[in-house]
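J.: Handing you a structure now.
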There are 4 protein chains.
Amino acid sequence: MPCAYTFLGPEGTFTEAALLQVPGAAQAVRLPASNVNAALDKVRDGSADAAMVPIENSVEGGVTATLDAIATGPELRIIREVLVPISFVLAARPGVQLEDVRRVSTHGHAWAQCRLWMDQHILGAEYVPGSSTAAAALGLLDADCRYDAAICAPLVAREHAGLSVLAEDIGDNPGAVTRFILVSRPAPLPERTGADKTTVVVPLPEDRPGALMEILDQFASRGVNLSRIESRPTGQYLGHYFFSIDADGHAREARVADALAGLHRISPGTRFLGSYARADRHATPVPAHTSDAAFAAARTWVESVLAEESAAGESGSGASPKA
Amino acid sequence: MPCAYTFLGPEGTFTEAALLQVPGAAQAVRLPASNVNAALDKVRDGSADAAMVPIENSVEGGVTATLDAIATGPELRIIREVLVPISFVLAARPGVQLEDVRRVSTHGHAWAQCRLWMDQHILGAEYVPGSSTAAAALGLLDADCRYDAAICAPLVAREHAGLSVLAEDIGDNPGAVTRFILVSRPAPLPERTGADKTTVVVPLPEDRPGALMEILDQFASRGVNLSRIESRPTGQYLGHYFFSIDADGHAREARVADALAGLHRISPGTRFLGSYARADRHATPVPAHTSDAAFAAARTWVESVLAEESAAGESGSGASPKA
Amino acid sequence: MPCAYTFLGPEGTFTEAALLQVPGAAQAVRLPASNVNAALDKVRDGSADAAMVPIENSVEGGVTATLDAIATGPELRIIREVLVPISFVLAARPGVQLEDVRRVSTHGHAWAQCRLWMDQHILGAEYVPGSSTAAAALGLLDADCRYDAAICAPLVAREHAGLSVLAEDIGDNPGAVTRFILVSRPAPLPERTGADKTTVVVPLPEDRPGALMEILDQFASRGVNLSRIESRPTGQYLGHYFFSIDADGHAREARVADALAGLHRISPGTRFLGSYARADRHATPVPAHTSDAAFAAARTWVESVLAEESAAGESGSGASPKA
Amino acid sequence: MPCAYTFLGPEGTFTEAALLQVPGAAQAVRLPASNVNAALDKVRDGSADAAMVPIENSVEGGVTATLDAIATGPELRIIREVLVPISFVLAARPGVQLEDVRRVSTHGHAWAQCRLWMDQHILGAEYVPGSSTAAAALGLLDADCRYDAAICAPLVAREHAGLSVLAEDIGDNPGAVTRFILVSRPAPLPERTGADKTTVVVPLPEDRPGALMEILDQFASRGVNLSRIESRPTGQYLGHYFFSIDADGHAREARVADALAGLHRISPGTRFLGSYARADRHATPVPAHTSDAAFAAARTWVESVLAEESAAGESGSGASPKA
């Protein structure tokens with residue numbers, strides 16, 4: 001089954017490392033994209049079947065470009081999530097010593113995650129913004145490079161003979177992890193695994209105070225836990241938000257489907273972004289009164305109440321009071 | 001259409017006055033019953049088609065005999081409600097003067113509603129319990145009656161030549177009203193009128209603190225107002241309750257049906273007692289996001305999400321990423 | 001310490017049995033009152049120091065006369081609760097056999113609690129309303145008594161030589177229990193015991209839908225469980241209620257005091273009826289974040305925030321930006 | 001009153017424009033800082049009295065560097081907010097035409113806000129990351145500048161003779177606005193104005209599902225509206241959050257103070273960041289039952305209940321029942 005992937009490039013970033021975790025991706029076409037919007041556009045226009053993009057980092061938080069890009073435009077679906085531990089190295093050209101380093105380039109998020117190490121090891125380090133960690137590293141190979149070192153993923157530093165590693169594991173949070181999502185055009189939902197997530201985008205209704213609590217209550221009242229919630233501006237005016245939410249469970253579970261219906265009622269612009277297996281495989285506990293069986297029993301009961309024929313009729317009397 | 005009614009008797013009570021408000025009841029068979037259980041049993045065994053019984057009084061509160069009797073045993077349905085203003089008279093045998101009255105009989109509820117008047121007009125009045133207001137009045141006609149006067153409905157005092165009225169409108173609350181319900185065996189639901197009530201009985205789940213709030217939230221989160229809520233003991237132990245609830249709306253409205261399903265999930269012993277027109281004809285306002293249209297749109301949306309076919313498939317590529 | 005008690009009489013009722021459980025009551029003056037209002041009035045006017053009255057029965061539910069009487073008029077305080085197992089006997093005059101019994105008198109609540117036994121053992125039993133179980137029993141001693149037997153407490157049947165017991169334990173619910181309260185004029189609160197109850201009366205605010213949930217939330221949001229909630233009509237019109245509520249905990253606990261303040265804000269007519277030891281001595285578990293310590297820490301923190309002096313000032317600069 | 005300000009530099013950014021709106025700032029010392037942390041550190045170490053930093057943009061959302069920097073480290077206070085309409089120009093060296101522009105530098109946020117304009121007006125525009133809009137503009141003056149144009153604030157383009165403006169108002173959202181905060185060391189709270197905001201940081205308690213709803217309920221149950229809520233990772237692990245919240249009202253208002261106490265109980269790590277006048281001067285409506293008067297009345301009532309002396313004592317009897 002031929003398949004083409006795109007990802008937030010360039011090659012050698014953590015995003016490509018995430019993509020390589022997808023079965024078959026190593027053998028498939030992999031097209032780097034220069035930014036998240038470009039990656040998603042390749043999927044939307046059919047030039048790729050799926051895109052791997054980062055959505056959240058345990059230190060830096062949500063990746064706003066991704067949150068915004070999947071919340072608008074033609075609909076897309078998240079079909080898989082991948083977690084990648086984030087480990088940074090300081091790379092330079094061979095021969096450069098740590099004490100020579102003054103100007104350092106990398107992506108802004110990476111810079112933020114290595115700030116303490118920098119403060120401690122490089123006196124007066126100066127930050128040169130880079131468009132990605134890989135681009136910063138590869139820039140060192142340019143003849144007229146204006147900086148001395150780059151913060152990048154171990155992968156890219158190792159793969160290029162022209163680079164040497166001055167220091168490893170320089171991230172301030174040793175357990176840092178980034179979560180990536182694989183995004184496709186709308187497609188049949190992945191199977192339920194018992195350990196799933198559902199992602200939705202819910203615009204905050206403007207006309208009702210307390211609307212955020214109403215939104216959360218759609219999940220809470222059905223025993224559905226949230227693992228992520230982020231507010232993003234709609235861009236219309238300060239204080240006008242949508243919420244990007246990950247909920248435990250799969251849309252084919254009755255309690256999740258019921259919560260989705262509730263969200264749609266409250267906020268008709270609610271967008272479904274997919275149900276997919278959790279990367280950590282933690283099974284979701286389901287209280288008995290929110291199980292599929294409880295929902296089915298409730299529906300059957302209500303239908304029986306509504307469909308009710310006269311017991312008098314059944315018993316043959318035929319006489320029911322006209323009230 | 002032949003039809004037999006029963007009611008909480010004897011004849012001449014407020015309950016018969018309520019029954020006479022039902023179209024056709026004046027021409028139908030009307031069987032008095034000695035207590036609420038007896039009346040409902042006549043319906044259950046088919047010897048009557050419907051029973052008129054009191055359920056709540058604006059001064060005395062819920063009629064516990066009725067609340068308990070319809071909450072257990074074979075299922076019944078409320079198909080109509082009737083409001084009757086409650087006005088009491090003091091009746092005696094002809095010739096008896098107000099200053100002669102010392103011992104007064106009536107039903108306990110009636111006594112409670114005339115207590116202030118009694119305190120002001122009959123010094124040292126002694127209460128003689130009666131099984132109903134009508135029974136107390138008719139008892140005056142007995143030769144060996146042990147009391148001097150009875151508190152009863154104007155109707156019964158007027159209809160018996162052997163009784164004279166010593167005082168009218170002796171109730172302490174001039175606006176007192178009693179609400180009666182017409183109860184049948186399970187039958188097709190009365191039509192929606194836009195001004196309906198739905199009555200349910202909800203046992204309080206034992207195993208979860210906060211269950212009462214969960215129950216109320218099933219209504220609140222769907223914009224359904226409650227007009228009555230009463231707790232009744234199940235009889236098992238102190239603190240074990242069920243709740244008898246009147247909600248605005250009809251079970252054929254999506255928001256009410258959805259609330260019923262929620263109640264059944266939380267408390268599977270929930271009993272549906274009927275949807276019927278409000279006696280006061282006050283239409284129920286329905287916020288847009290809880291309208292039938294909003295529920296239908298939400299359901300359609302969720303179904304479209306779940307039924308989703310691959311857009312890739314639709315566009316002929318056939319290649320969707322295997323994730 | 002001289003003390004006079006009153007109770008819902010006559011002598012020999014379950015209420016007197018409850019009063020006799022109060023330390024010292026057996027030696028004190030005990031004045032029977034003919035009804036709950038009369039008993040409470042004796043306390044209010046100072047002719048008694050405290051009154052014992054029933055408030056709820058595990059089978060019959062709330063005692064509405066008591067719920068209403070303590071909710072209005074000059075303020076009173078509940079200072080103790082007493083639980084009495086309810087066991088009924090069928091009493092008659094010596095020589096009467098069970099098969100002779102046709103007409104039976106007792107209080108309406110007692111009749112309701114023995115109905116099944118009556119249906120099974122006395123064919124076509126006829127109910128004669130009595131003003132109390134004890135009055136019904138003592139009525140048998142009258143020469144012209146019009147009924148054959150009485151349902152009453154074992155106590156009264158045993159104490160009168162003129163009565164014999166035809167059957168014991170005839171109540172339909174063997175575990176039936178009635179809860180009584182000892183009521184005084186406003187007095188210093190009983191000490192905290194760690195297993196306390198607080199009783200309040202909360203009128204439902206008229207102007208806000210969802211007010212009942214707001215009321216319940218005052219308790220829930222502070223981790224305070226409710227053991228009883230009853231709605232009672234205010235008498236003004238159908239659907240106008242107050243709620244009588246028992247909450248776990250003592251008003252001297254910060255979380256309970258805070259909940260009381262919340263109730264008063266929402267419904268300024270809220271009435272405090274007392275904090276007192278639970279009869280069953282079940283200690284109330286208190287989650288850490290609702291402990292007195294947590295409330296005290298929160299208050300201290302807020303005060304420190306509000307009282308804040310300029311850190312600039314403390315460090316001697318004296319220059320804080322004028323904004 | 002001598003005062004030194006710092007701000008997120010360099011000079012000519014929107015942040016300096018915000019600072020200049022502060023009365024007196026134009027005449028005061030203004031020290032640019034290279035990043036948000038550096039600006040706040042100048043305040044913390046006393047080398048500046050206050051720092052102006054951006055906190056949120058109507059298009060790009062929260063400024064995560066600021067949200068994180070004020071949530072940790074020695075405590076700071078927000079003492080003022082400033083709103084600045086964001087308008088971008090495209091600047092180049094004199095003589096450069098729009099059709100010559102290929103490589104464009106600016107800050108990432110500014111790039112994101114002008115993307116549509118770029119797509120429409122500059123075919124194949126290439127983005128060169130800059131550390132700020134002003135730095136990108138000034139970089140054009142360097143002899144070896146590697147890009148052709150910069151997106152920057154009108155201010156900086158106008159002030160430098162070496163720059164010409166190729167296009168104005170190139171932002172995709174004409175109404176874009178950025179909100180800045182003036183931050184000082186802990187200081188006496190600014191006066192209540194009736195149109196205030198309070199900012200807090202609330203770590204999500206880990207041990208309780210539904211904790212976010214509990215947090216929101218602290219505001220909702222006291223009628224306090226939120227104008228901003230953002231989740232930020234604590235950095236410890238994916239899914240561990242704190243919330244940065246702006247609430248309507250001043251900490252000296254009883255309902256806000258009470259909500260703060262509630263937050264502290266639920267999440268003792270709650271951090272108060274200040275109460276200050278709203279830049280838009282919109283007065284906050286306060287429902288009667290959440291007014292200062294309602295809180296004071298409730299407190300007085302609870303204290304009276306707790307302090308209660310025996311009414312018996314007052315009436316001189318001295319005999320209260322020992323229960």
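Every chain in the structure tokens has a letter given in the order shown (A, B, ...), and although residue numbers restart at 1 in each chain, ligands are simply numbered from 1 in the order shown.
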Neighbouring residues of Pro10 (chain C) were defined as those with any atom within 9 Å, considering only C-alpha atoms; residues of the same chain fewer than 2 positions away were excluded. Please report them as a list of chain:residue names.
T.: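 Once the nearby chain positions are removed, what remains is C:Phe7, C:Leu8, C:Gly12, C:Thr13, C:Thr15, C:Glu16, C:Pro32, C:Ala33, C:Ser34, C:Ser132, C:Thr133, C:Ala134, C:Ala135.
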J.: Report the Cα RMSD between chain B and chain D after least-squares superposition, pairing every C-alpha atom in order.
T.: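 Result of the CA superposition: 0.1 Å.
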J.: Identify which of the residues D:Ala65, D:Val256, D:Val104, D:Leu238 lies closest to Leu83 (chain A), counting only C-alpha atoms when measuring atom-to-atom distances.
T.: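 Of D:Ala65, D:Val256, D:Val104, D:Leu238, the one nearest Leu83 (chain A) is D:Leu238, counting only C-alpha atoms.
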J.: Need to verify the contact set: Arg44 (chain C), 10 Å, only C-alpha atoms, exclusion of same-chain residues closer than 6 positions in sequence. Can you return it as a VMD selection string?
T.: (chain C and resid 38 50 to 51 73 to 76 183 to 186) or (chain D and resid 311 to 312)
J.: Skipping near chain neighbours, those fewer than 4 positions away, what residues fall within 8 Å of region 259-265 of chain B using only C-alpha atoms, listed as a list in words?
T.: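 The filter keeps His289, Thr290, Ala294, Phe295, Ala297, Ala298, Arg299, Trp301 and Val302 of chain A; Val202, Ile215, Gln218, Phe219, Arg222, Ala251, Arg255, Gly269 and Thr270 of chain B.
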J.: Restricted to C-alpha atoms, what would the selected residues look like written as a short mmCIF file (atom, residue, chain, number, x, y, z; two decimals), in the first residue's frame?
T.:
data_model
loop_
_atom_site.label_atom_id
_atom_site.label_comp_id
_atom_site.auth_asym_id
_atom_site.auth_seq_id
_atom_site.Cartn_x
_atom_site.Cartn_y
_atom_site.Cartn_z
CA HIS A 289 -23.10 4.23 35.09
CA THR A 290 -21.27 5.68 32.10
CA ALA A 294 -25.69 1.86 30.81
CA PHE A 295 -26.24 4.16 27.85
CA ALA A 297 -30.14 0.45 28.73
CA ALA A 298 -31.12 4.08 29.24
CA ARG A 299 -31.95 4.55 25.59
CA TRP A 301 -35.89 2.43 28.58
CA VAL A 302 -36.70 5.87 27.21
CA VAL B 202 -35.79 8.75 41.13
CA ILE B 215 -29.76 14.04 39.43
CA GLN B 218 -29.52 15.97 34.38
CA PHE B 219 -32.27 18.56 34.18
CA ARG B 222 -30.47 20.46 29.43
CA ALA B 251 -41.03 13.29 27.27
CA ARG B 255 -34.20 17.62 26.02
CA GLY B 269 -34.64 2.34 39.24
CA THR B 270 -35.96 5.65 37.88
#
J.: Might you pull out every residue within 10 Å of Gln21 (chain D), with only C-alpha atoms counted and same-chain residues fewer than 4 positions away left off, and present them as a list in words?
T.: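 The residues satisfying every condition are Glu16, Ala17, Ala25, Ala26, Val82, Leu83 and Val84 of chain D.
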J.: Mind listing the helix (DSSP H, G or I) residues of region 10-239 of chain D, per DSSP on the backbone, as number ranges by chain?
T.: D: 14-20, 25-27, 36-44, 64-71, 98-100, 108-113, 115-121, 133-139, 154-159, 211-220
J.: Within 10 Å of Thr72 (chain A), counting only C-alpha atoms, which residues qualify if same-chain residues fewer than 3 places away don't, as a list of chain:residue names?
T.: A:Leu67, A:Asp68, A:Ala69, A:Glu75, A:Leu76, A:Val201, A:Thr234, A:Arg271
J.: Hey, what's within 10 Å of Gly108 (chain B) if we count only C-alpha atoms and toss same-chain stuff fewer than 4 positions away? As a VMD selection string, please?
T.: (chain B and resid 112 to 113 127 to 133) or (chain C and resid 108 129 131)
J.: Taking only C-alpha atoms into account, name the residue in B:Ala39, B:Ala157, B:Leu116, B:Ile79 that is nearest to chain A.
T.: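 Going through B:Ala39, B:Ala157, B:Leu116, B:Ile79 one by one, the smallest distance to chain A is for B:Ile79.
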J.: One number please: CA of Arg158 (chain D) to CA of Leu98 (chain D), in Å, one decimal.
T.: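 So the two atoms, CA of Arg158 (chain D) and CA of Leu98 (chain D), lie 17.7 Å apart.
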